[in-house]
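K.L.:
Below is one structure. I have some questions about it.
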Amino acid sequence: MRFNQTKADGPPSLAVLHISDLRRLAALLIFHALCAWPAYSALGSTRADLDRDWQFRADPEESGEASGWISAVPSGTQSVTVPHTWNIGRLHDYLGVAWYFRQFEMPRPPPGAHLELHFGATFYRARVWLNGVELGSHAGGFTAYAFDVTAHLRRNNLLVVQLDNRPGIATIPGFAERGSPQARYDWWTYGGIVRDVWLTISGPAWVQRQSIRTEQTSNGAVVRDHIFLQSTFSKPTPIKLLATAYGPDNRAAASDSRSLTLGSGGTDVAISLALREPKLWGIDHPNVYRLAVQVANSNGEPLDEHTDTFGVRTFEIRDRHLLINGERVRLTGIARHEDSPWEGLAETRGTMQHDYDDLLDLHTTLTRPVHYPQNPFILDYADRHGMVLIPEIPVWQFTAAQLSDPKVLALAEQQMGEMIAQAGNHPSIFAWSVANESATGTPGGVAYFRTMRDFIRRIDPGRFVSFADDTLPKLERAEQSAANEADFLMMNQYFGTWHGTDAALGPALDKVDRLFPGKMVIISEFGYPGFYAKDRLRADPNRIHTLTQQMPILAARDWIAGAIQWCYQDYKSPRNLWPGESQGYVDHGVVDENRQRKPSYEVWKTLSAAVRLEANWVGPAAALPARFTATVIPNSQQDLPYRPLSDYELSWVLRDEQGNPLARGQRHFDKLAEPVFVDEALPTGNAPTAMGHPFRRLVITLQAPSGFTAAERTLEWTQQH
């Protein structure tokens with residue numbers, strides 16, 4: 001199976017020194033087939049796509065550098081397009097070193113131009129050379145990084161990337177399972193250039209990034225933006241800066257301009273914009289703003305433009321409850337690995353779009369979303385579809401010794417800092433997670449959490465910090481664990497399999513309640529690992545049993561603000577497989593690895609709905625129905641999930657046997673706080689049909705203001721003769 005593939009957009013790119021220079025450079029680049037750079041007649045951003053025309057070769061003997069591969073493409077390479085992983089096909093289980101090569105021609109940039117080479121993500125250890133010069137290295141497989149290549153570009157260029165996907169005791173992710181010798185982590189080790197590669201060009205002053213945070217006031221909202229500028233000016237030079245916030249309707253909502261003097265290096269500019277009557281971001285009303293920053297020289301000629309999106313909203317934890325914009329919510333969702341048989345970790349937009357459309361269909365309003373930083377496409381999707389996220393770095397089942405290792409701590413800070421710099425503007429992000437199922441109940445684990453929490457609060461003080469823990473019911477005292485210092489608890493529980501019997505769940509939750517009486521709890525993982533079943537046929541029925549039995553137990557605890565099922569799809573794994581298997585796809589999803597839905601898909605969809613819809617024909621069974629009734633039943637605060645519902649639309653359409661509409665209607669609900677009863681008349685008439693008897697199909701749909709279907713019922717009536 002393969003979905004329609006289009007490449008995901010990367011971060012906003014940079015604009016040009018002068019428009020005429022850009023046009024000349026773009027035309028030459030197109031001619032030399034680097035990529036189709038657009039020509040602009042006004043301010044804009046420019047990015048050269050480098051995803052095509054790569055050559056790949058594995059290096060199991062690790063002889064490539066000694067053989068001169070950094071400056072010449074070896075024989076025996078394979079043509080590939082990135083995103084790419086070598087762990088699809090014959091090298092599916094290859095752990096080791098491999099190389100990527102990209103040749104391209106490029107004209108000389110105009111004087112003063114600044115060019116950067118960007119990698120969306122490469123797994124895992126990367127070294128990068130351009131024309132035989134080593135640009136640098138990077139450790140980590142899920143965050144973006146870039147190099148200044150202005151001084152190294154020639155007319156004929158060779159870009160070389162060496163990658164090593166082997167885990168180690170001090171890599172993140174790394175050897176795991178809390179001490180098993182050289183045990184691999186739960187998901188597959190996909191080596192490669194797993195996200196986009198691109199080149200950007202700007203003038204001698206450019207926006208490196210923005211950090212946008214909002215604050216609601218009695219008069220509206222204040223947007224506080226830190227603009228991180230860079231320049232290569234050889235002497236102090238005046239520039240003009242214009243920042244404009246655009247509303248969800250794409251109209252300018254506020255702006256501010258500054259005149260600055262820049263020298264060589266970095267400058268942090270802080271601005272504040274006032275928004276009157278802002279449209280808040282929320283689950284049912286995911287209003288997204290964008291903030292565009294333009295940099296120009298003293299004559300007004302453009303040097304750069306940079307745009308990021310943001311939202312105006314508040315997340316609060318109050319009395320062990322989660323509030324969004326002052327309203328209490330209880331949320332549910334499902335996690336998803338970036339994994340498929342056709343792309344592995346090197347996902348394209350088609351796969352991500354398909355899967356997250358499924359997550360939306362499953363009423364996902366909360367997700368972690370998995371153990372590592374996400375593709376920008378997924379962050380944007382969550383923003384625009386009202387999903388609340390708790391992103392995490394892949395510190396998975398680390399020992400106390402690993403958590404105490406200065407190398408691990410430095411790498412964790414690097415990965416967390418990169419993730420926050422790249423993802424921190426997204427309104428969908430509620431909190432950051434610093435670990436999963438690791439030794440956080442040890443002195444070393446407590447020290448690790450404190451260090452990471454304090455690090456995050458310095459760079460993103462407005463968000464909550466926690467970690468996923470699977471040992472909370474085993475504690476004797478709250479002070480034993482770093483959980484006591486987290487802003488809220490994230491509890492992984494697999495009662496019915498790993499953690500004990502089904503019956504032990506309630507007592508375990510009550511113990512956590514006693515240990516942490518002031519902490520809100522989110523169930524960050526629960527579900528059913530299929531290999532616990534006696535055979536494959538019983539795996540999904542057991543999963544359904546777990547979901548249906550445990551959701552009411554979770555809902556009954558008022559202090560549980562959310563529950564995240566593990567997980568959406570079966571994913572490639574070196575562990576937790578069926579007996580006799582050493583590799584394959586772990587049975588843990590509501591769809592299989594090919595996205596074929598299991599029966600548990602529809603069960604979870606029902607369990608995670610915030611509103612129910614009941615409908616019935618009215619009248620004698622033998623007569624053509626003249627009426628129908630429908631009852632819209634929103635969940636209450638005693639249910640999981642729950643959220644206040646507003647601006648919902650109930651619509652219905654009656655069709656004959658050939659699908660022709662006979663009647664339709666709709667009703668709008670400003671608020672849905674209590675059950676609402678609807679009674680509608682239908683047209684009657686017994687015109688002959690091809691079937692020889694009357695037939696009616698009634699479809700009733702409750703639609704959220706964001707456009708997705710919150711509930712739907714179909715009634716069919718036929719009279720046999």
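Residue numbering restarts at 1 for every chain of the structure tokens, chains are lettered A, B, ... in their displayed order, and ligands are numbered from 1 as they appear.
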Write out as a PyMOL selection string which residues come within 9 Å of Val678 (chain A) when counting only C-alpha atoms, dropping same-chain ones fewer than 6 positions away.
P.N.:
chain A and resi 628-632
K.L.:
Just the selected residues (N, CA, C and O atoms), exported as a PDB file, in the first residue's frame, please.
P.N.:
```
ATOM      1  N   PHE A 628     -38.708  11.205  11.984  1.00  0.00           N
ATOM      2  CA  PHE A 628     -37.615  10.569  12.721  1.00  0.00           C
ATOM      3  C   PHE A 628     -37.277  11.442  13.914  1.00  0.00           C
ATOM      4  O   PHE A 628     -37.568  12.648  13.940  1.00  0.00           O
ATOM      5  N   THR A 629     -36.695  10.832  14.919  1.00  0.00           N
ATOM      6  CA  THR A 629     -36.209  11.566  16.075  1.00  0.00           C
ATOM      7  C   THR A 629     -34.709  11.312  16.227  1.00  0.00           C
ATOM      8  O   THR A 629     -34.202  10.253  15.860  1.00  0.00           O
ATOM      9  N   ALA A 630     -34.039  12.303  16.753  1.00  0.00           N
ATOM     10  CA  ALA A 630     -32.609  12.178  17.038  1.00  0.00           C
ATOM     11  C   ALA A 630     -32.328  12.849  18.372  1.00  0.00           C
ATOM     12  O   ALA A 630     -32.935  13.871  18.706  1.00  0.00           O
ATOM     13  N   THR A 631     -31.417  12.263  19.123  1.00  0.00           N
ATOM     14  CA  THR A 631     -30.996  12.832  20.398  1.00  0.00           C
ATOM     15  C   THR A 631     -29.481  13.012  20.382  1.00  0.00           C
ATOM     16  O   THR A 631     -28.739  12.057  20.144  1.00  0.00           O
ATOM     17  N   VAL A 632     -29.057  14.247  20.596  1.00  0.00           N
ATOM     18  CA  VAL A 632     -27.642  14.580  20.680  1.00  0.00           C
ATOM     19  C   VAL A 632     -27.271  14.596  22.160  1.00  0.00           C
ATOM     20  O   VAL A 632     -27.836  15.371  22.933  1.00  0.00           O
TER      21      VAL A 632
END
```
K.L.:
How many Å separate CA of Phe669 (chain A) from CA of Leu702 (chain A)?
P.N.:
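We find that CA of Phe669 (chain A) and CA of Leu702 (chain A) lie 10.1 Å from each other.
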K.L.:
Using only C-alpha atoms, which of the listed residues (A:Val603, A:Met520, A:Val446, A:Leu280) sits closest to His545 (chain A)?
P.N.:
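Comparing A:Val603, A:Met520, A:Val446, A:Leu280 against His545 (chain A), the winner is A:Val603.
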K.L.:
Going by DSSP on the backbone, which bits of region 156-339 of chain A are strand (DSSP E or B)? Write them as a PyMOL selection string, please.
P.N.:
chain A and resi 156-164+192+197-202+205-217+220-231+237-246+252-262+265-276+281+286+289-297+302-310+315-318+321-324+327-334
K.L.:
Quick check for you: according to DSSP on this backbone, which residues of region 278-467 of chain A are classed as helix (DSSP H, G or I)? Reply as an MDAnalysis selection string.
P.N.:
chainID A and resid 349:361 376:385 400:403 406:423 443:459
K.L.:
Listing only residues of region 372-487 of chain A within 10 Å of region 177-188 of chain A, what is the closest atom pair and its distance in Å (to one decimal) for each, using only C-alpha atoms, sorted by chain and residue number ascending, as a tab-separated table?
P.N.:
```
residue	atom	partner	partner_atom	distance
A:Pro394	CA	A:Tyr185	CA	9.6
A:Val395	CA	A:Tyr185	CA	9.9
A:Trp396	CA	A:Tyr185	CA	7.2
A:Gln397	CA	A:Arg178	CA	5.1
A:Phe398	CA	A:Arg178	CA	5.2
A:Thr399	CA	A:Arg178	CA	4.8
A:Ala400	CA	A:Arg178	CA	8.3
A:Ala401	CA	A:Gly179	CA	9.2
A:Gln402	CA	A:Arg178	CA	9.2
A:Glu437	CA	A:Arg178	CA	8.6
A:Ser438	CA	A:Arg178	CA	6.9
A:Ala439	CA	A:Arg178	CA	7.4
```
K.L.:
Could you write those residues out with all heavy atoms, as a CSV table (one decimal), in the first residue's frame?
P.N.:
```csv
chain,number,residue,atom,x,y,z
A,394,PRO,N,13.7,11.1,22.8
A,394,PRO,CA,13.7,9.7,22.9
A,394,PRO,C,14.6,9.1,24.0
A,394,PRO,O,15.4,8.2,23.8
A,394,PRO,CB,14.1,9.2,21.5
A,394,PRO,CG,14.9,10.3,21.0
A,394,PRO,CD,14.3,11.6,21.6
A,395,VAL,N,14.5,9.6,25.2
A,395,VAL,CA,15.2,9.0,26.4
A,395,VAL,C,14.2,7.8,26.9
A,395,VAL,O,13.3,8.1,27.7
A,395,VAL,CB,15.4,10.0,27.5
A,395,VAL,CG1,16.0,9.3,28.7
A,395,VAL,CG2,16.4,11.1,27.0
A,396,TRP,N,14.5,6.6,26.3
A,396,TRP,CA,13.5,5.5,26.5
A,396,TRP,C,14.2,4.4,27.3
A,396,TRP,O,15.2,3.9,26.9
A,396,TRP,CB,13.1,5.0,25.1
A,396,TRP,CG,12.0,4.0,25.1
A,396,TRP,CD1,10.7,4.2,25.2
A,396,TRP,CD2,12.2,2.6,25.1
A,396,TRP,NE1,10.0,3.0,25.1
A,396,TRP,CE2,10.9,2.0,25.1
A,396,TRP,CE3,13.3,1.7,25.0
A,396,TRP,CZ2,10.7,0.6,25.0
A,396,TRP,CZ3,13.1,0.4,25.0
A,396,TRP,CH2,11.8,-0.2,25.0
A,397,GLN,N,13.6,4.1,28.5
A,397,GLN,CA,14.1,3.0,29.3
A,397,GLN,C,15.6,3.1,29.6
A,397,GLN,O,16.3,2.1,29.5
A,397,GLN,CB,13.7,1.7,28.7
A,397,GLN,CG,12.2,1.4,28.7
A,397,GLN,CD,11.8,0.0,28.6
A,397,GLN,OE1,12.6,-0.9,28.6
A,397,GLN,NE2,10.5,-0.3,28.6
A,398,PHE,N,16.0,4.3,30.0
A,398,PHE,CA,17.4,4.5,30.4
A,398,PHE,C,17.6,4.1,31.8
A,398,PHE,O,16.7,4.3,32.7
A,398,PHE,CB,17.8,6.0,30.2
A,398,PHE,CG,18.3,6.3,28.8
A,398,PHE,CD1,17.9,5.5,27.7
A,398,PHE,CD2,19.2,7.3,28.5
A,398,PHE,CE1,18.4,5.8,26.4
A,398,PHE,CE2,19.6,7.6,27.3
A,398,PHE,CZ,19.2,6.8,26.2
A,399,THR,N,18.8,3.6,32.1
A,399,THR,CA,19.2,3.3,33.5
A,399,THR,C,19.6,4.5,34.3
A,399,THR,O,19.8,5.6,33.7
A,399,THR,CB,20.4,2.3,33.5
A,399,THR,OG1,21.5,3.0,32.9
A,399,THR,CG2,20.1,1.1,32.7
A,400,ALA,N,19.7,4.3,35.6
A,400,ALA,CA,20.2,5.4,36.4
A,400,ALA,C,21.6,5.9,36.0
A,400,ALA,O,21.9,7.1,36.0
A,400,ALA,CB,20.2,5.0,37.9
A,401,ALA,N,22.4,4.9,35.6
A,401,ALA,CA,23.8,5.3,35.2
A,401,ALA,C,23.7,6.1,33.9
A,401,ALA,O,24.5,7.1,33.7
A,401,ALA,CB,24.6,4.0,34.9
A,402,GLN,N,22.9,5.8,32.9
A,402,GLN,CA,22.8,6.6,31.7
A,402,GLN,C,22.2,8.0,32.0
A,402,GLN,O,22.8,9.0,31.5
A,402,GLN,CB,21.8,5.9,30.7
A,402,GLN,CG,22.4,4.6,30.1
A,402,GLN,CD,21.4,3.9,29.2
A,402,GLN,OE1,20.4,3.4,29.8
A,402,GLN,NE2,21.6,3.9,27.9
A,437,GLU,N,9.6,5.8,30.7
A,437,GLU,CA,9.9,4.5,31.3
A,437,GLU,C,11.4,4.4,31.7
A,437,GLU,O,11.9,3.3,31.5
A,437,GLU,CB,9.4,3.4,30.4
A,437,GLU,CG,7.9,3.4,30.2
A,437,GLU,CD,7.4,2.3,29.3
A,437,GLU,OE1,8.3,1.5,28.7
A,437,GLU,OE2,6.2,2.1,29.1
A,438,SER,N,11.9,5.4,32.2
A,438,SER,CA,13.4,5.3,32.6
A,438,SER,C,13.5,5.3,34.1
A,438,SER,O,12.5,5.4,34.9
A,438,SER,CB,14.1,6.5,32.0
A,438,SER,OG,14.1,6.4,30.6
A,439,ALA,N,14.7,5.3,34.6
A,439,ALA,CA,15.0,5.1,36.1
A,439,ALA,C,14.9,6.4,36.8
A,439,ALA,O,15.8,6.9,37.5
A,439,ALA,CB,16.4,4.5,36.3
```
K.L.:
Counting only C-alpha atoms, which residue out of A:Arg664, A:His337, A:Arg696, A:Arg330 sits closest to Ala610 (chain A)?
P.N.:
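Ranking A:Arg664, A:His337, A:Arg696, A:Arg330 by distance to Ala610 (chain A), first place goes to A:Arg330.
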K.L.:
Return the single residue from A:Gln666, A:Thr314, A:Ser79, A:Thr171 that is closest to Ala412 (chain A), with distances computed using only C-alpha atoms.
P.N.:
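Smallest separation from Ala412 (chain A) among the options: A:Thr171.
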K.L.:
Find the distance between CA of Ile523 (chain A) and CA of Leu360 (chain A) and write it in Å to one decimal.
P.N.:
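Between these atoms lies a distance of 19.4 Å.
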K.L.:
For a quick check of understanding, using only C-alpha atoms, which of A:Lys235, A:Arg209, A:Arg384, A:Arg575 has the smallest distance to Gly282 (chain A)?
P.N.:
A:Arg384
K.L.:
Identify, on the basis of only C-alpha atoms, every residue whose closest approach to Leu153 (chain A) does not exceed 9 Å; exclude the query and any residue fewer than 2 positions from it along the same chain; express the result as a list in words.
P.N.:
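The residues satisfying every condition are Met106, Arg108, Pro109, Leu115, Leu130, Asn131, Val149, Thr150, Ala151, Arg155, Asn156 and Asn157 of chain A.
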K.L.:
Looking at only C-alpha atoms, which of A:Ala245, A:Leu489, A:Leu345, A:Ala221 is the one that sits closest to Val194 (chain A)?
P.N.:
A:Leu345
K.L.:
Of the residues A:Ala704, A:Ala681, A:Ala121, A:Leu135, which is the one nearest to Leu624 (chain A), using only C-alpha atoms?
P.N.:
A:Ala681
K.L.:
Mind giving me the straight-line distance from CA of Gly665 (chain A) to CA of Ser651 (chain A) in Å, one decimal?
P.N.:
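Atom-to-atom, CA of Gly665 (chain A) and CA of Ser651 (chain A) are spaced 5.7 Å apart.
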K.L.:
Quick one: residues within 12 Å of region 591-598 of chain A, only C-alpha atoms counted, chain neighbours fewer than 2 positions away excluded, as a PyMOL selection string?
P.N.:
chain A and resi 1-3+334+336-344+351-352+354-359+362+530+537-541+543-544+566-573+584-589+600-605
K.L.:
Got a sec: who's within 7 Å of Met452 (chain A), counting only C-alpha atoms, leaving out chain neighbours fewer than 3 positions off, as a PyMOL selection string?
P.N.:
chain A and resi 413+434+448-449+455-456
K.L.:
Skip Arg195 (chain A) itself and residues of its chain fewer than 4 positions away, then list as a PyMOL selection string all residues within 8 Å of it, counting only C-alpha atoms.
P.N.:
chain A and resi 82-84+119-122+346-347+375
K.L.:
Compile the contact shell of Asp164 (chain A) as a VMD selection string: residues with an atom at most 12 Å away, counting only C-alpha atoms, same-chain residues fewer than 4 positions apart removed.
P.N.:
chain A and resid 58 to 60 62 85 to 86 94 to 100 122 to 127 137 to 141 168 171 189 to 193
